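> Here it is, the structure in full.
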Amino acid sequence: MTKMMQAAFVTEFGKPLTIGELRVPEPSDMQVLIRIEACGVCHTDVHAVDGDWPGRPTLPFTPGHEGIGRVVAIGKGVKPILGTGVRQLREGDMVGVPWLFEACGFCEYCLTSRENMCPSARYGGYSANGSFAEYCVAPAAYVARIPDGLDAVSAGPIICAGVTTYRGIKGADCKPGDWFVVSGVGGLGHLAIQYAVAMGLRVAAVDVADDKLALATALGATLSFNARAVDPVVAVQETIGGAHGVLITAVSKAAFAQGTGMLRRGGTCVLNGLPPGDFPLSIFDVAFRCLTVRGSLVGTRADMSEALALAAAGKVTAQIERASLGDINNVLERLRTGKVSGRVVLEIAKPLPAN
Ligand code: NAD
Ligand code: ZN
Ligand code: ZN
């Protein structure tokens, strides 16, 4: 008999998700089946549902790429690790199904431990069905191993917002004591502040909402600027003489236009946010002030385990609002209008005890 599950899926771009029944997927040889206990809602899900980006997903699809749960079935090709007898994964293991759902393993990026740049990668909740569902299948080689000390709800935001900002900050090549601006204090930004502080950086936060800036201060930002009240470029230059690094997580083209302006000479501006469109960049400014502008897409599996380890050690904790699968359309609408503080995590299947 076919087993059915509850899921929230997209049948038309820009329209509310359908909440209904789908078949529980079966893991192929190299995959595992995960019973999803929790899944964070990322602004990327909004872009996916609205069809914002070039290369839209094929309809219908199930979004969600911060899904965490226990392995309940294992494909027959998922063998013990050679020479050890240790299984790669066992039933009962807690894993996450990330945005980097799968990479090819053979291209120049995969071979140099930059699998997040693999041109053949598939993305969870976008080109592969994601975790706004009670069950999800994923390749055993790419699921995130959730360390002890993190439950499903608290791990959710780390496997996208966490790893993305952790790698983004590393990409700015800053050293302890340097000034670092986090622009956009949403799901990504509020974790970015904590990773930056954990890495010894001095943090200034920029957002357009005072409540987000209050959260930034509570999480360790020493300075904060409301971009609606002041020009953050002027404010950052006048207060600290420009930042060594800037991370843009804001879903706003205006924030990108301000990114390099907030840097000091030789600084690096890393782009995490993905609003559709483009932004102006002064050739003279970039060349004359020796600036670097760098794009950054989620992270590698190594970044993932480092980002999770910092969370499990209590250095980084997502601020979470719990919701249920049936709330998804309301949560997406609140993200569109900047009304979510921290991250909303959907509680889906009831937690199972560890094996
Ligand atoms: P979010 O909605 O939780 O947060 C966005 C924040 O930006 C909000 O706090 C909002 O108030 C703030 N903001 C809006 N306009 C601003 C402005 N002009 N200046 C400063 N702040 C402003 O979104 P999120 O889940 O944190 O995602 C942010 C973006 O990052 C999205 O575009 C998402 O697709 C993208 N993303 C990229 C990657 C990657 O790998 N590069 C990974 C995950 C998410
Ligand atoms: Zn995401
Ligand atoms: Zn590859």
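Residue numbering restarts at 1 for every chain of the structure tokens, chains are lettered A, B, ... in their displayed order, and ligands are numbered from 1 as they appear.
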To check your reading of the model: which residues sit at most 6 Å from ligand 1 when counting only C-alpha atoms and all ligand atoms? Write the answer as a PDB file with C-alpha atoms, in the first residue's frame.

ATOM      1  CA  CYS A  42      14.421  30.812   4.542  1.00  0.00           C
ATOM      2  CA  HIS A  43      13.851  33.877   2.377  1.00  0.00           C
ATOM      3  CA  THR A  44      15.156  31.701  -0.467  1.00  0.00           C
ATOM      4  CA  CYS A 160      21.228  27.157   5.614  1.00  0.00           C
ATOM      5  CA  ALA A 161      21.346  30.553   7.346  1.00  0.00           C
ATOM      6  CA  THR A 164      25.885  30.472   4.514  1.00  0.00           C
ATOM      7  CA  SER A 183      23.760  44.394   6.511  1.00  0.00           C
ATOM      8  CA  GLY A 184      20.333  42.803   7.034  1.00  0.00           C
ATOM      9  CA  VAL A 185      19.547  41.316  10.460  1.00  0.00           C
ATOM     10  CA  GLY A 186      17.049  38.647   9.408  1.00  0.00           C
ATOM     11  CA  GLY A 187      17.370  34.857   9.460  1.00  0.00           C
ATOM     12  CA  LEU A 188      20.868  34.994   7.987  1.00  0.00           C
ATOM     13  CA  GLY A 189      22.025  38.243   9.557  1.00  0.00           C
ATOM     14  CA  VAL A 206      22.586  47.676   9.502  1.00  0.00           C
ATOM     15  CA  ASP A 207      18.865  47.089   8.974  1.00  0.00           C
ATOM     16  CA  VAL A 208      15.754  49.140   8.270  1.00  0.00           C
ATOM     17  CA  ALA A 209      13.823  48.084  11.389  1.00  0.00           C
ATOM     18  CA  ALA A 227      19.370  52.660   6.993  1.00  0.00           C
ATOM     19  CA  THR A 249      22.260  39.505   3.664  1.00  0.00           C
ATOM     20  CA  ALA A 250      19.539  42.102   3.043  1.00  0.00           C
ATOM     21  CA  VAL A 251      16.848  41.395   0.491  1.00  0.00           C
ATOM     22  CA  SER A 252      17.197  44.900  -0.950  1.00  0.00           C
ATOM     23  CA  ALA A 254      19.713  49.524  -1.946  1.00  0.00           C
ATOM     24  CA  ALA A 255      21.716  47.564   0.623  1.00  0.00           C
ATOM     25  CA  ASN A 272      24.917  36.565   0.451  1.00  0.00           C
ATOM     26  CA  GLY A 273      21.498  38.095  -0.239  1.00  0.00           C
ATOM     27  CA  LEU A 274      19.858  37.199  -3.536  1.00  0.00           C
ATOM     28  CA  PRO A 275      17.204  39.779  -4.457  1.00  0.00           C
ATOM     29  CA  SER A 296      29.158  33.397  -1.714  1.00  0.00           C
ATOM     30  CA  LEU A 297      26.732  30.472  -2.009  1.00  0.00           C
ATOM     31  CA  VAL A 298      25.888  28.412   1.096  1.00  0.00           C
ATOM     32  CA  LEU A 335       9.086  37.238   5.180  1.00  0.00           C
ATOM     33  CA  GLY A 338      10.160  41.966   6.631  1.00  0.00           C
TER      34      GLY A 338
END
> Would you mind listing the residues within 8 Å of ligand 3, counting only C-alpha atoms and all ligand atoms, as a count of residues only?
15
> In Å, how far is it from CA of Met262 in chain A to CA of Ser341 in chain A?
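Distance reported for this atom pair: 24.4 Å.
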> Leaving out Asp45 in chain A and any residue of its chain fewer than 3 positions from it, which residues lie within 10 Å of it when counting only C-alpha atoms, given as a ChimeraX atom specification?
/A:40-42,48-51,62-65,125-126,332,335
> Return as a ChimeraX atom specification the full set of residues in range 117-298 of chain A whose backbone-based DSSP assignment is strand (DSSP E).
/A:122-123,135-139,144-145,179-183,202-207,223-226,243-248,263-271,292-295
> Using DSSP on the backbone coordinates, identify the residues of range 8-216 of chain A assigned to helix (DSSP H, G or I); present them as a PDB file with C-alpha atoms, in the first residue's frame.

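File written: out_12.pdb
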ATOM      1  CA  HIS A  43      13.851  33.877   2.377  1.00  0.00           C
ATOM      2  CA  THR A  44      15.156  31.701  -0.467  1.00  0.00           C
ATOM      3  CA  ASP A  45      11.871  29.775  -0.152  1.00  0.00           C
ATOM      4  CA  VAL A  46      10.098  33.044  -0.969  1.00  0.00           C
ATOM      5  CA  HIS A  47      12.284  33.487  -4.072  1.00  0.00           C
ATOM      6  CA  ALA A  48      11.579  29.866  -5.075  1.00  0.00           C
ATOM      7  CA  VAL A  49       7.816  30.156  -4.573  1.00  0.00           C
ATOM      8  CA  ASP A  50       7.654  33.502  -6.372  1.00  0.00           C
ATOM      9  CA  CYS A 110      34.120  19.192  -6.331  1.00  0.00           C
ATOM     10  CA  LEU A 111      37.704  17.959  -6.695  1.00  0.00           C
ATOM     11  CA  THR A 112      39.040  21.029  -4.891  1.00  0.00           C
ATOM     12  CA  GLU A 115      31.407  21.557  -4.003  1.00  0.00           C
ATOM     13  CA  ASN A 116      29.123  24.501  -3.180  1.00  0.00           C
ATOM     14  CA  MET A 117      30.158  25.864  -6.620  1.00  0.00           C
ATOM     15  CA  ALA A 152      15.884  19.356  15.251  1.00  0.00           C
ATOM     16  CA  VAL A 153      14.331  22.782  15.769  1.00  0.00           C
ATOM     17  CA  SER A 154      17.538  24.527  16.806  1.00  0.00           C
ATOM     18  CA  ALA A 155      19.612  22.816  14.082  1.00  0.00           C
ATOM     19  CA  GLY A 156      17.261  23.852  11.253  1.00  0.00           C
ATOM     20  CA  PRO A 157      18.433  27.459  10.775  1.00  0.00           C
ATOM     21  CA  ILE A 158      22.088  26.447  11.046  1.00  0.00           C
ATOM     22  CA  ILE A 159      22.039  24.243   7.941  1.00  0.00           C
ATOM     23  CA  ALA A 161      21.346  30.553   7.346  1.00  0.00           C
ATOM     24  CA  GLY A 162      24.199  29.410   9.590  1.00  0.00           C
ATOM     25  CA  VAL A 163      26.509  27.751   7.110  1.00  0.00           C
ATOM     26  CA  THR A 164      25.885  30.472   4.514  1.00  0.00           C
ATOM     27  CA  THR A 165      26.903  33.325   6.777  1.00  0.00           C
ATOM     28  CA  TYR A 166      29.747  31.353   8.370  1.00  0.00           C
ATOM     29  CA  ARG A 167      31.336  30.787   4.960  1.00  0.00           C
ATOM     30  CA  GLY A 168      30.443  34.317   3.874  1.00  0.00           C
ATOM     31  CA  ILE A 169      32.319  35.781   6.834  1.00  0.00           C
ATOM     32  CA  LYS A 170      35.351  33.573   6.119  1.00  0.00           C
ATOM     33  CA  GLY A 187      17.370  34.857   9.460  1.00  0.00           C
ATOM     34  CA  LEU A 188      20.868  34.994   7.987  1.00  0.00           C
ATOM     35  CA  GLY A 189      22.025  38.243   9.557  1.00  0.00           C
ATOM     36  CA  HIS A 190      21.189  37.431  13.168  1.00  0.00           C
ATOM     37  CA  LEU A 191      23.342  34.301  12.904  1.00  0.00           C
ATOM     38  CA  ALA A 192      26.069  36.182  11.003  1.00  0.00           C
ATOM     39  CA  ILE A 193      26.463  38.567  13.942  1.00  0.00           C
ATOM     40  CA  GLN A 194      27.022  35.639  16.306  1.00  0.00           C
ATOM     41  CA  TYR A 195      29.501  33.861  14.005  1.00  0.00           C
ATOM     42  CA  ALA A 196      31.417  37.112  13.500  1.00  0.00           C
ATOM     43  CA  VAL A 197      31.585  37.714  17.253  1.00  0.00           C
ATOM     44  CA  ALA A 198      32.698  34.084  17.784  1.00  0.00           C
ATOM     45  CA  ASP A 210      14.638  49.150  14.953  1.00  0.00           C
ATOM     46  CA  ASP A 211      13.498  45.834  16.467  1.00  0.00           C
ATOM     47  CA  LYS A 212      15.999  43.966  14.245  1.00  0.00           C
ATOM     48  CA  LEU A 213      18.734  46.350  15.391  1.00  0.00           C
ATOM     49  CA  ALA A 214      17.811  45.786  19.040  1.00  0.00           C
ATOM     50  CA  LEU A 215      18.229  42.050  18.407  1.00  0.00           C
ATOM     51  CA  ALA A 216      21.604  42.749  16.749  1.00  0.00           C
TER      52      ALA A 216
END
> Rounded to one decimal, what separation in Å do you get between CA of Glu21 in chain A and CA of Ile348 in chain A?
13.6 Å
> Using only C-alpha atoms and all ligand atoms, pick whichever of A:Ile19, A:Asp93, A:Gly299, A:Pro232 has the shortest atom-to-atom distance to ligand 2.
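Among the listed residues, the smallest separation from ligand 2 belongs to A:Gly299.
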> I'd like the interatomic distance between CA of Gly177 in chain A and CA of Ala307 in chain A, to a tenth of an Å.
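Value for the CA of Gly177 in chain A-CA of Ala307 in chain A distance: 20.4 Å.
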> Check the smallest atom-to-atom distance from each of A:Leu346, A:Val316, A:Val182, A:Met304 to Val203 in chain A using only C-alpha atoms, then report the winner.
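Between A:Leu346, A:Val316, A:Val182, A:Met304, the residue approaching Val203 in chain A most closely is A:Val182.
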> Taking only C-alpha atoms into account, which of A:Ile36, A:Ala172, A:Val331, A:Ala204 comes nearest Thr217 in chain A?
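Residue with the minimum atom-to-atom distance to Thr217 in chain A: A:Ala204.
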> Which residue is closest to ligand 2? Choose from A:Leu100, A:Met30, A:Leu263, A:Val78 and count only C-alpha atoms and all ligand atoms.
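Closest to ligand 2 of all the choices is A:Leu100.
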> I'd like the contact shell of Val181 in chain A - 7 Å cut-off, only C-alpha atoms, skipping same-chain residues fewer than 6 positions apart - returned as a PyMOL selection string.
chain A and resi 203-205+243+245-247
> Can you pull out the residues contacting Leu150 in chain A? Cut-off 12 Å, using only C-alpha atoms, and skip same-chain residues under 6 positions away; I want them as a list of chain:residue names.
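Near neighbours after the sequence-gap exclusion: A:Ile68, A:Gly69, A:Met94, A:Val95, A:Gly96, A:Gly156, A:Pro157, A:Ile158, A:Ile159, A:Leu308, A:Ala309, A:Leu310, A:Ala311, A:Ala312, A:Ala313, A:Gly314, A:Val316, A:Thr317, A:Ala318.
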> Calculated over only C-alpha atoms, which of the candidates A:Gly67, A:Gly266, A:Gly261, A:Gly241 has the smallest distance to Ser131 in chain A?
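Of the candidates, the smallest distance to Ser131 in chain A is held by A:Gly67.
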